[in-house]
Amino acid sequence: MDARLEDPVAAQMAAQPGEAAHSRRQNLWWRLASIALFFGAWEIAGRVPINLAFPTFSATVAAFFEMVGDGTMLKAYGLTLQPLIVGIVLSAVIGVSTGVAMGLRKSVEWMVAPVFIVLQAAPVAAVIPMVTFVYGIGLTAKVISVCLLALPVIVLNSYKAVANVNPSLVAMCRSFLGSPWQQIVKIILPDASPVIFAGLRLGIGAGFVGIILAELLITPTGIGDLITYHRAVANYAHMYAAIASIIAFSALTLSGLQWVEENWVRPEKRGS
Amino acid sequence: MVAVTKLRAADRHGEHMASLESIISVRGINKVYPGQVHALKDVDLDFPAGALTTLLGPSGCGKTTLLKIIAGLLEPNTGDVLVKGRKVTAPGPERAFVFQDFALLPWATVLRNVGFGLELRGMAETKRNEIARRYIDQVGLSGFEDKYPHELSGGMRQRVGLARALAVDADVLLLDEPFSAVDEQNRRKFQEDLLRLREIERKTFIFVTHSIEEAVYLSDRIVLLSRRPGRVSQVITPQIDRSGSPEEIRRDRAYLDTVEEIWQGLRQFVD
Ligand SMILES: Nc1ncnc2c1ncn2[C@@H]1O[C@H](COP(=O)(O)OP(=O)(O)OP(=O)(O)O)[C@@H](O)[C@H]1O
Ligand SMILES: [Mg+2]
């Protein structure tokens, strides 16, 4: 019984690795084309101009390199990243473990689920001034702003992910004599990981929103300060360069997370 | 040549005698699901060592429930499961399960899936991979060690599930409708492979199906369950000469008679 020779599906599958690489290359092409199209449209819109406060793409790039050159960009990122990284790491660690605990234990679910459901629904931007009122304008207040935005979605996604783990895989683990610990580590966490990672991506995106809101609403520091300052002095190219750079930075961070998921956690999702 | 045992209270005694060589016995099993669903009622059965016993019955009669109780995945409301004469209430190394929906880890290769039972027991990687490769070869999947389940057809996935159960070297294999998600062509081939595997592996098989032909083709003993609440209505021991080719077996007089016999037995459950 040689499945390799008799199974037409198998023969088809043997041809697939090359195809996967091919479609990945094509995928990359489409992405590059879409980016080029976007920047082209930006350049044209800036030249028309649709608004005097709207710089061209080339002027924005020039402003970006100017700010990289004189060190203001680096200094701004240094200030912004500190509370951002602390807040995101805290949210990820606390959020995933709380969510997983909620999914595993009904008592934890009942105790903490309402808090995060309310938090996720709340317009958190309205709460940030209150955070300043209690914690002042320092690092703590900014870290709390990041956590307020990032935590709920991370917790709720991790919880849903664990609650919806394939029960048949859990039964399989038990029937092959897996311990409760092995059940969590070898079945529940990997099976839940795509939804947990989706929550992390949303949470990190929200964390970027949180830090910029804090920098605009609490005290102008870092990237928020660059945006506020250049708007005040009507240096619009510089303002857009600061905004575009933080968007690009956020997008790169999220791609990095996806790379980690596909290469370290769920290798079968690569290239699909 | 069909030996039929009607199970009435009077000849339960005979079953007890047979339990001397039986590797698994169930005694007085009752299972009531929440909502007063009486799935199994007073089930007494013995599964002889080395035999392939099929559980056959109408849909919803409790076949999966009984198999999961034997596997230790589900607790009965009353009654005991004995493995080699000892009462068990949880899964054990003597029993391995093949799942209807395969239950493969989507994030693991065929090699890791097949060795997963051994991995859970803490066997070193090189050793468990060596064993896994042997069983991958035995179910005809060599060359697919590094594929992921989503890259395989339904039939191949179930072979992975079978190899995983074989790899832990349990005495008893519990199979819950292993071919129901597999097309007819693969199903027949799989049935033949299973007969061949039985020759080499000398294990006890407990097999759930709702195909009469499949049951007769494969089994040493067929247990007919009644409609819910499921209870044992008949035990049939087909005497079929399996030395011929699959086509010869399917044309065999005893084979056809047994299929007819079972159909007569099951007809009362069809409205
Ligand atoms: N978790 C459950 N809760 C309540 N009722 C259940 C549960 N599992 C099964 N049942 C019911 O118990 C009865 C027996 O179910 P079981 O799955 O054992 O049947 P089966 O013989 O395997 O059926 P099939 O041939 O359709 O697979 C069915 O009527 C089913 O609806
Ligand atoms: Mg069933």
# chains A, B, ... in the order shown; residues from 1 in each chain; ligands from 1

$ interface_residues --of "chain B" --to "chain A" --cutoff "10 Å" --atoms "only C-alpha atoms" --output "ChimeraX atom specification"
/B:68,71-74,90-93,95-109,116-122,137-144,147-153,155-156,164-165,168,186,189-190,192-193

$ write_last_selection --atoms "C-alpha atoms" --output "short mmCIF file (atom, residue, chain, number, x, y, z; two decimals), in the first residue's frame"
data_model
loop_
_atom_site.label_atom_id
_atom_site.label_comp_id
_atom_site.auth_asym_id
_atom_site.auth_seq_id
_atom_site.Cartn_x
_atom_site.Cartn_y
_atom_site.Cartn_z
CA LYS B 68 -15.61 6.88 25.35
CA ALA B 71 -11.55 4.77 26.90
CA GLY B 72 -11.99 6.46 30.28
CA LEU B 73 -12.86 9.78 28.63
CA LEU B 74 -16.40 9.72 30.01
CA ALA B 90 -9.46 7.03 33.52
CA PRO B 91 -7.48 6.59 30.29
CA GLY B 92 -4.61 4.14 30.57
CA PRO B 93 -1.62 2.92 28.59
CA ARG B 95 -5.98 1.62 25.52
CA ALA B 96 -5.46 3.97 22.56
CA PHE B 97 -8.16 5.94 20.78
CA VAL B 98 -8.58 6.73 17.09
CA PHE B 99 -10.86 9.73 16.74
CA GLN B 100 -13.67 10.17 14.26
CA ASP B 101 -12.49 13.71 13.45
CA PHE B 102 -8.79 12.59 13.51
CA ALA B 103 -7.86 15.03 16.33
CA LEU B 104 -4.45 15.82 14.81
CA LEU B 105 -2.40 18.81 15.94
CA PRO B 106 -2.63 21.25 13.00
CA TRP B 107 0.65 22.90 14.01
CA ALA B 108 2.65 19.68 14.12
CA THR B 109 4.13 17.61 11.30
CA PHE B 116 2.72 12.65 20.18
CA GLY B 117 1.51 9.90 22.52
CA LEU B 118 5.16 9.03 23.21
CA GLU B 119 6.06 12.72 23.61
CA LEU B 120 3.40 13.03 26.32
CA ARG B 121 5.03 10.09 28.09
CA GLY B 122 8.34 11.93 28.10
CA ASP B 137 5.85 3.42 7.14
CA GLN B 138 3.44 0.75 8.32
CA VAL B 139 0.35 2.81 7.47
CA GLY B 140 1.83 3.71 4.08
CA LEU B 141 2.76 7.32 4.67
CA SER B 142 6.55 7.27 4.28
CA GLY B 143 7.70 10.40 2.54
CA PHE B 144 5.06 12.49 4.29
CA LYS B 147 3.91 17.45 5.99
CA TYR B 148 1.29 19.21 8.06
CA PRO B 149 -2.23 17.76 8.45
CA HIS B 150 -3.83 20.40 6.21
CA GLU B 151 -1.58 19.19 3.40
CA LEU B 152 -3.04 15.67 3.59
CA SER B 153 -6.26 14.13 2.28
CA GLY B 155 -7.78 9.24 4.25
CA MET B 156 -4.16 10.12 4.93
CA ARG B 164 -0.36 7.56 16.52
CA ALA B 165 -2.54 4.99 18.28
CA VAL B 168 2.02 3.88 21.93
CA ASN B 186 -10.07 5.15 0.58
CA LYS B 189 -8.40 0.36 0.97
CA PHE B 190 -8.24 1.34 4.61
CA GLU B 192 -8.00 -3.99 3.75
CA ASP B 193 -5.04 -2.34 5.43
#

$ residues_around --residues "Val68 of chain A" --least-positions-apart "4" --cutoff "12 Å" --atoms "only C-alpha atoms" --output "list in words"
Val61, Ala62, Ala63, Phe64, Thr72, Met73, Leu74, Lys75, Ala76, Tyr77, His238, Ala241, Ala242 and Ser245 of chain A

$ write_last_selection --atoms "N, CA and C atoms" --output "PDB file, in the first residue's frame"
ATOM      1  N   VAL A  61       9.333  63.301   2.949  1.00  0.00           N
ATOM      2  CA  VAL A  61      10.525  62.450   3.068  1.00  0.00           C
ATOM      3  C   VAL A  61      11.739  63.304   3.411  1.00  0.00           C
ATOM      4  N   ALA A  62      11.855  64.434   2.744  1.00  0.00           N
ATOM      5  CA  ALA A  62      12.991  65.326   3.007  1.00  0.00           C
ATOM      6  C   ALA A  62      12.979  65.783   4.470  1.00  0.00           C
ATOM      7  N   ALA A  63      11.784  66.164   4.957  1.00  0.00           N
ATOM      8  CA  ALA A  63      11.666  66.600   6.349  1.00  0.00           C
ATOM      9  C   ALA A  63      12.045  65.479   7.306  1.00  0.00           C
ATOM     10  N   PHE A  64      11.646  64.261   6.926  1.00  0.00           N
ATOM     11  CA  PHE A  64      11.962  63.109   7.764  1.00  0.00           C
ATOM     12  C   PHE A  64      13.476  62.955   7.912  1.00  0.00           C
ATOM     13  N   THR A  72      16.646  65.035  16.187  1.00  0.00           N
ATOM     14  CA  THR A  72      15.371  65.244  16.895  1.00  0.00           C
ATOM     15  C   THR A  72      14.489  63.996  16.830  1.00  0.00           C
ATOM     16  N   MET A  73      14.528  63.285  15.692  1.00  0.00           N
ATOM     17  CA  MET A  73      13.699  62.083  15.547  1.00  0.00           C
ATOM     18  C   MET A  73      14.107  61.040  16.576  1.00  0.00           C
ATOM     19  N   LEU A  74      15.412  60.797  16.680  1.00  0.00           N
ATOM     20  CA  LEU A  74      15.928  59.779  17.594  1.00  0.00           C
ATOM     21  C   LEU A  74      15.526  60.109  19.028  1.00  0.00           C
ATOM     22  N   LYS A  75      15.678  61.401  19.391  1.00  0.00           N
ATOM     23  CA  LYS A  75      15.355  61.822  20.750  1.00  0.00           C
ATOM     24  C   LYS A  75      13.852  61.641  21.019  1.00  0.00           C
ATOM     25  N   ALA A  76      13.047  62.015  20.014  1.00  0.00           N
ATOM     26  CA  ALA A  76      11.595  61.879  20.190  1.00  0.00           C
ATOM     27  C   ALA A  76      11.210  60.412  20.385  1.00  0.00           C
ATOM     28  N   TYR A  77      11.787  59.532  19.538  1.00  0.00           N
ATOM     29  CA  TYR A  77      11.463  58.112  19.675  1.00  0.00           C
ATOM     30  C   TYR A  77      11.916  57.568  21.012  1.00  0.00           C
ATOM     31  N   HIS A 238       7.161  68.590   8.268  1.00  0.00           N
ATOM     32  CA  HIS A 238       7.743  67.947   9.444  1.00  0.00           C
ATOM     33  C   HIS A 238       6.678  67.253  10.285  1.00  0.00           C
ATOM     34  N   ALA A 241       5.799  64.120   8.548  1.00  0.00           N
ATOM     35  CA  ALA A 241       6.896  63.155   8.654  1.00  0.00           C
ATOM     36  C   ALA A 241       6.827  62.437   9.998  1.00  0.00           C
ATOM     37  N   ALA A 242       6.532  63.209  11.056  1.00  0.00           N
ATOM     38  CA  ALA A 242       6.415  62.590  12.384  1.00  0.00           C
ATOM     39  C   ALA A 242       5.235  61.618  12.427  1.00  0.00           C
ATOM     40  N   SER A 245       5.936  58.547  10.244  1.00  0.00           N
ATOM     41  CA  SER A 245       6.958  57.650  10.788  1.00  0.00           C
ATOM     42  C   SER A 245       6.378  56.784  11.904  1.00  0.00           C
TER      43      SER A 245
END

$ residues_around --residues "segment 80-92 of chain A" --least-positions-apart "5" --cutoff "6 Å" --atoms "only C-alpha atoms" --output "PyMOL selection string"
chain A and resi 142-143+146-147+151+222

$ write_last_selection --atoms "C-alpha atoms" --output "PDB file, in the first residue's frame"
ATOM      1  CA  LYS A 142       1.684  57.308  30.072  1.00  0.00           C
ATOM      2  CA  VAL A 143       2.208  53.619  30.812  1.00  0.00           C
ATOM      3  CA  VAL A 146      -1.066  52.503  26.952  1.00  0.00           C
ATOM      4  CA  CYS A 147      -2.357  49.692  29.195  1.00  0.00           C
ATOM      5  CA  LEU A 151      -5.212  45.418  27.869  1.00  0.00           C
ATOM      6  CA  GLY A 222       8.380  62.590  22.050  1.00  0.00           C
TER       7      GLY A 222
END

$ residues_around --residues "Lys160 of chain A" --least-positions-apart "2" --cutoff "10 Å" --atoms "only C-alpha atoms" --output "list in words"
Gly99, Val100, Met102, Gly103, Val155, Leu156, Asn157, Ser158, Val162, Ala163, Asn164, Val165, Ala192, Val195, Ile196 and Gly199 of chain A

$ atom_distance --atom1 "atom CA of Asn263 of chain A" --atom2 "atom CA of Leu32 of chain A"
22.5 Å

$ residues_near_ligand --ligand "ligand 2" --cutoff "12 Å" --atoms "only C-alpha atoms and all ligand atoms" --output "CSV table (one decimal) with N, CA and C atoms, in the first residue's frame"
chain,number,residue,atom,x,y,z
B,39,ALA,N,-28.7,7.4,27.5
B,39,ALA,CA,-27.9,7.0,26.3
B,39,ALA,C,-27.7,5.5,26.4
B,55,LEU,N,-19.1,-2.4,17.3
B,55,LEU,CA,-20.3,-1.9,17.9
B,55,LEU,C,-21.2,-1.3,16.8
B,56,LEU,N,-22.4,-1.9,16.6
B,56,LEU,CA,-23.2,-1.5,15.5
B,56,LEU,C,-24.6,-1.2,16.0
B,57,GLY,N,-25.2,-0.1,15.5
B,57,GLY,CA,-26.5,0.3,15.9
B,57,GLY,C,-27.0,1.5,15.3
B,58,PRO,N,-28.3,1.8,15.4
B,58,PRO,CA,-28.8,3.0,14.8
B,58,PRO,C,-28.2,4.3,15.3
B,59,SER,N,-28.2,5.3,14.6
B,59,SER,CA,-27.6,6.6,14.9
B,59,SER,C,-28.2,7.1,16.3
B,60,GLY,N,-27.3,7.6,17.1
B,60,GLY,CA,-27.7,8.1,18.4
B,60,GLY,C,-28.0,7.1,19.5
B,61,CYS,N,-27.6,5.8,19.2
B,61,CYS,CA,-27.9,4.8,20.2
B,61,CYS,C,-26.9,4.7,21.3
B,62,GLY,N,-25.8,5.4,21.2
B,62,GLY,CA,-24.9,5.4,22.3
B,62,GLY,C,-23.5,4.7,22.0
B,63,LYS,N,-23.2,4.5,20.7
B,63,LYS,CA,-22.0,3.8,20.4
B,63,LYS,C,-20.8,4.6,20.8
B,64,THR,N,-20.8,5.9,20.4
B,64,THR,CA,-19.6,6.7,20.8
B,64,THR,C,-19.5,6.9,22.3
B,65,THR,N,-20.7,7.0,23.0
B,65,THR,CA,-20.7,7.1,24.4
B,65,THR,C,-20.1,5.9,25.1
B,66,LEU,N,-20.4,4.7,24.6
B,66,LEU,CA,-19.9,3.4,25.2
B,66,LEU,C,-18.3,3.4,24.9
B,67,LEU,N,-17.9,3.8,23.7
B,67,LEU,CA,-16.5,3.7,23.4
B,67,LEU,C,-15.7,4.7,24.3
B,68,LYS,N,-16.3,5.9,24.5
B,68,LYS,CA,-15.6,6.9,25.3
B,68,LYS,C,-15.6,6.4,26.8
B,99,PHE,N,-9.7,8.8,16.7
B,99,PHE,CA,-10.9,9.7,16.7
B,99,PHE,C,-11.5,9.9,15.4
B,100,GLN,N,-12.9,10.0,15.5
B,100,GLN,CA,-13.7,10.2,14.3
B,100,GLN,C,-13.2,11.4,13.4
B,101,ASP,N,-12.9,12.5,14.2
B,101,ASP,CA,-12.5,13.7,13.4
B,101,ASP,C,-11.0,13.8,13.4
B,175,LEU,N,-11.6,2.5,18.0
B,175,LEU,CA,-11.8,3.3,16.8
B,175,LEU,C,-13.2,3.7,16.7
B,176,ASP,N,-13.5,5.0,16.7
B,176,ASP,CA,-14.8,5.6,16.5
B,176,ASP,C,-15.1,6.0,15.1
B,177,GLU,N,-15.8,5.2,14.4
B,177,GLU,CA,-16.1,5.5,13.0
B,177,GLU,C,-15.0,6.1,12.2
B,178,PRO,N,-13.8,5.4,12.2
B,178,PRO,CA,-12.6,6.0,11.6
B,178,PRO,C,-12.7,6.3,10.2
B,179,PHE,N,-13.7,5.7,9.5
B,179,PHE,CA,-13.8,5.9,8.0
B,179,PHE,C,-14.9,6.9,7.6
B,180,SER,N,-15.6,7.4,8.6
B,180,SER,CA,-16.8,8.1,8.2
B,180,SER,C,-16.5,9.4,7.4
B,207,PHE,N,-14.4,-1.4,17.6
B,207,PHE,CA,-14.6,-0.6,16.4
B,207,PHE,C,-16.1,-0.1,16.3
B,208,VAL,N,-16.3,1.1,16.1
B,208,VAL,CA,-17.7,1.6,15.9
B,208,VAL,C,-17.9,1.9,14.5
B,209,THR,N,-19.1,1.5,14.0
B,209,THR,CA,-19.4,1.8,12.6
B,209,THR,C,-20.9,1.8,12.5
B,210,HIS,N,-21.5,2.4,11.4
B,210,HIS,CA,-22.9,2.1,11.2
B,210,HIS,C,-23.1,1.5,9.8

$ select_by_dssp --residues "segment 180-260 of chain B" --states "strand (DSSP E or B)" --output "PyMOL selection string"
chain B and resi 204-209+221-225+230+232-238

$ write_last_selection --atoms "N, CA and C atoms" --output "CSV table (one decimal), in the first residue's frame"
chain,number,residue,atom,x,y,z
B,204,THR,N,-6.1,-6.0,20.1
B,204,THR,CA,-7.6,-6.1,20.3
B,204,THR,C,-8.2,-4.8,19.7
B,205,PHE,N,-9.2,-5.0,18.8
B,205,PHE,CA,-9.8,-3.8,18.2
B,205,PHE,C,-11.2,-3.7,18.7
B,206,ILE,N,-11.6,-2.5,19.1
B,206,ILE,CA,-13.1,-2.2,19.3
B,206,ILE,C,-13.4,-1.1,18.4
B,207,PHE,N,-14.4,-1.4,17.6
B,207,PHE,CA,-14.6,-0.6,16.4
B,207,PHE,C,-16.1,-0.1,16.3
B,208,VAL,N,-16.3,1.1,16.1
B,208,VAL,CA,-17.7,1.6,15.9
B,208,VAL,C,-17.9,1.9,14.5
B,209,THR,N,-19.1,1.5,14.0
B,209,THR,CA,-19.4,1.8,12.6
B,209,THR,C,-20.9,1.8,12.5
B,221,ARG,N,-16.5,-10.3,16.0
B,221,ARG,CA,-17.7,-10.3,16.7
B,221,ARG,C,-18.4,-9.0,16.4
B,222,ILE,N,-19.7,-9.0,16.3
B,222,ILE,CA,-20.5,-7.8,16.1
B,222,ILE,C,-21.5,-7.7,17.2
B,223,VAL,N,-21.5,-6.6,17.9
B,223,VAL,CA,-22.5,-6.3,19.0
B,223,VAL,C,-23.5,-5.3,18.4
B,224,LEU,N,-24.8,-5.8,18.4
B,224,LEU,CA,-25.8,-4.9,17.9
B,224,LEU,C,-26.5,-4.2,19.1
B,225,LEU,N,-26.5,-2.9,19.0
B,225,LEU,CA,-27.1,-2.1,20.1
B,225,LEU,C,-28.5,-1.7,19.6
B,230,GLY,N,-29.6,2.8,24.6
B,230,GLY,CA,-28.8,1.7,24.0
B,230,GLY,C,-28.6,0.6,24.9
B,232,VAL,N,-27.6,-4.0,24.7
B,232,VAL,CA,-27.1,-5.0,23.8
B,232,VAL,C,-28.3,-5.8,23.4
B,233,SER,N,-28.5,-5.9,22.0
B,233,SER,CA,-29.7,-6.6,21.6
B,233,SER,C,-29.2,-8.0,21.0
B,234,GLN,N,-28.0,-8.1,20.4
B,234,GLN,CA,-27.5,-9.3,19.9
B,234,GLN,C,-26.0,-9.3,19.8
B,235,VAL,N,-25.4,-10.5,19.9
B,235,VAL,CA,-24.0,-10.6,19.6
B,235,VAL,C,-23.8,-11.6,18.5
B,236,ILE,N,-23.2,-11.2,17.4
B,236,ILE,CA,-23.1,-12.1,16.3
B,236,ILE,C,-21.7,-12.4,16.0
B,237,THR,N,-21.4,-13.7,15.8
B,237,THR,CA,-20.0,-14.1,15.5
B,237,THR,C,-19.9,-14.6,14.1
B,238,PRO,N,-19.6,-13.7,13.1
B,238,PRO,CA,-19.5,-14.2,11.7
B,238,PRO,C,-18.4,-15.2,11.6

$ atom_distance --atom1 "atom CA of Pro180 of chain A" --atom2 "atom CA of Arg159 of chain B"
27.0 Å
